[in-house]
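Structure first, then comments.
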Amino acid sequence: MKSVKLKNSLLGFGLLVACLVVGPNTMAQDAEITSEELTQYAQVSAKIDSLKSGMKTKISEAVKSNELMDGGRLYNKLNKAKGDEAKIAEIGATEEQLAAYAQIQEDIKAFKAEFKTQYTTVVKEEMGTGTFNKVKKALKADAAVKAQYDEIVASLTANVEEVEGEE
C-alpha cells in the first residue's frame, strides 16, 4: 500500500516538474511578439490616445460651456460632494444648477460609452483583440519587448514630427 502511494506521489511530482519545465517554453513560443505587431500596437495606441483626448475635450467643453456651472467651478464642487446631500446643501446649488449638473453627468456617460465603442472598433479592425491583448500583456511582462516597443514609438513619433515640420 505504501509503495503504491509512493509511486503515485512520485508520478505526480514528476508531472509537476515536467509541466514547470515545458510550460514556460511553450508559453514563450505562443507569446512571441513580432516587430510588425509592436508597430500595429503603437499605431492603435496612438489612435486610442487621440480618441481619449477627444473625449476629454468634449467633457471639458460640456462642463465649461454651461453658464450655470460657473466655468466648471460649481461642477467641480458638486462632483467632490459625491451625492452627499449635506455637502450639496452647503454648496448652495439651485435646482436648476443641480439639473444642469445631472445633464452633464449624463453627457459624460454618453461620451465614455462612445469612446468605449470607438476603442473596441479600432482594436478589432486594426489588429484584432487577441493580438492586441497578447502584445499588451507582453509589454508588461517582458522588458526586452518593452524596449523594442519604445524604440518603435520613438521612430514613429520622429516620423510624425518630421512630416509635420515639412507642412
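By order in the C-alpha cells, chains are A, B, ...; within a chain, residues start at 1; ligands start at 1, following the order shown.
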Can you list, as number ranges by chain, every protein, DNA or RNA residue that comes within 10 Å of Asn66 in chain A when you count only C-alpha atoms, leaving out same-chain residues fewer than 6 positions away?
A: 72, 75, 97, 100-101, 104
Work out how far apart CA of Leu51 in chain A and CA of Lys116 in chain A are and give it in Å to one decimal.
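Computing the Euclidean distance for CA of Leu51 in chain A and CA of Lys116 in chain A yields 9.5 Å.
For the choices A:Glu61, A:Glu85, A:Glu125, A:Glu67, the atom-to-atom distance to Ile108 in chain A is smallest for A:Glu61 when using only C-alpha atoms.
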All residues 12 Å or closer to Lys136 in chain A, only C-alpha atoms, same chain fewer than 4 positions away omitted, as a list in words
Ala31, Ile33, Glu37, Leu38, Gln40, Tyr41, Ala42, Val44, Ser45, Val123, Thr129, Gly130, Thr131, Phe132, Lys140, Ala141, Asp142, Val145, Lys146 and Tyr149 of chain A
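Going from CA of Leu78 in chain A over to CA of Ser53 in chain A, you cover 23.6 Å.
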Grab the CA of Ser60 in chain A to CA of Ala86 in chain A distance for me, in Å with one decimal place.
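Going from CA of Ser60 in chain A over to CA of Ala86 in chain A covers 26.5 Å.
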Go through A:Val153, A:Thr34, A:Leu68, A:Ala110 and flag the residue nearest Glu95 in chain A, using only C-alpha atoms for the distances.
A:Leu68
Mind the document's chain letters and residue numbers, and return as an MDAnalysis selection string the residues of range 51-123 of chain A that DSSP labels alpha helix (DSSP H).
chainID A and resid 51:64 73:81 85:91 95:123
Excluding Met55 in chain A and residues on its chain fewer than 4 positions from it, collect all residues at most 7 Å away from it, counting only C-alpha atoms, and give them as a PyMOL selection string.
chain A and resi 51+59+111+115
Using only C-alpha atoms, find the one residue out of A:Ile152, A:Leu74, A:Val135, A:Val160 that sits nearest to Thr94 in chain A.
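Smallest separation from Thr94 in chain A among the options: A:Leu74.
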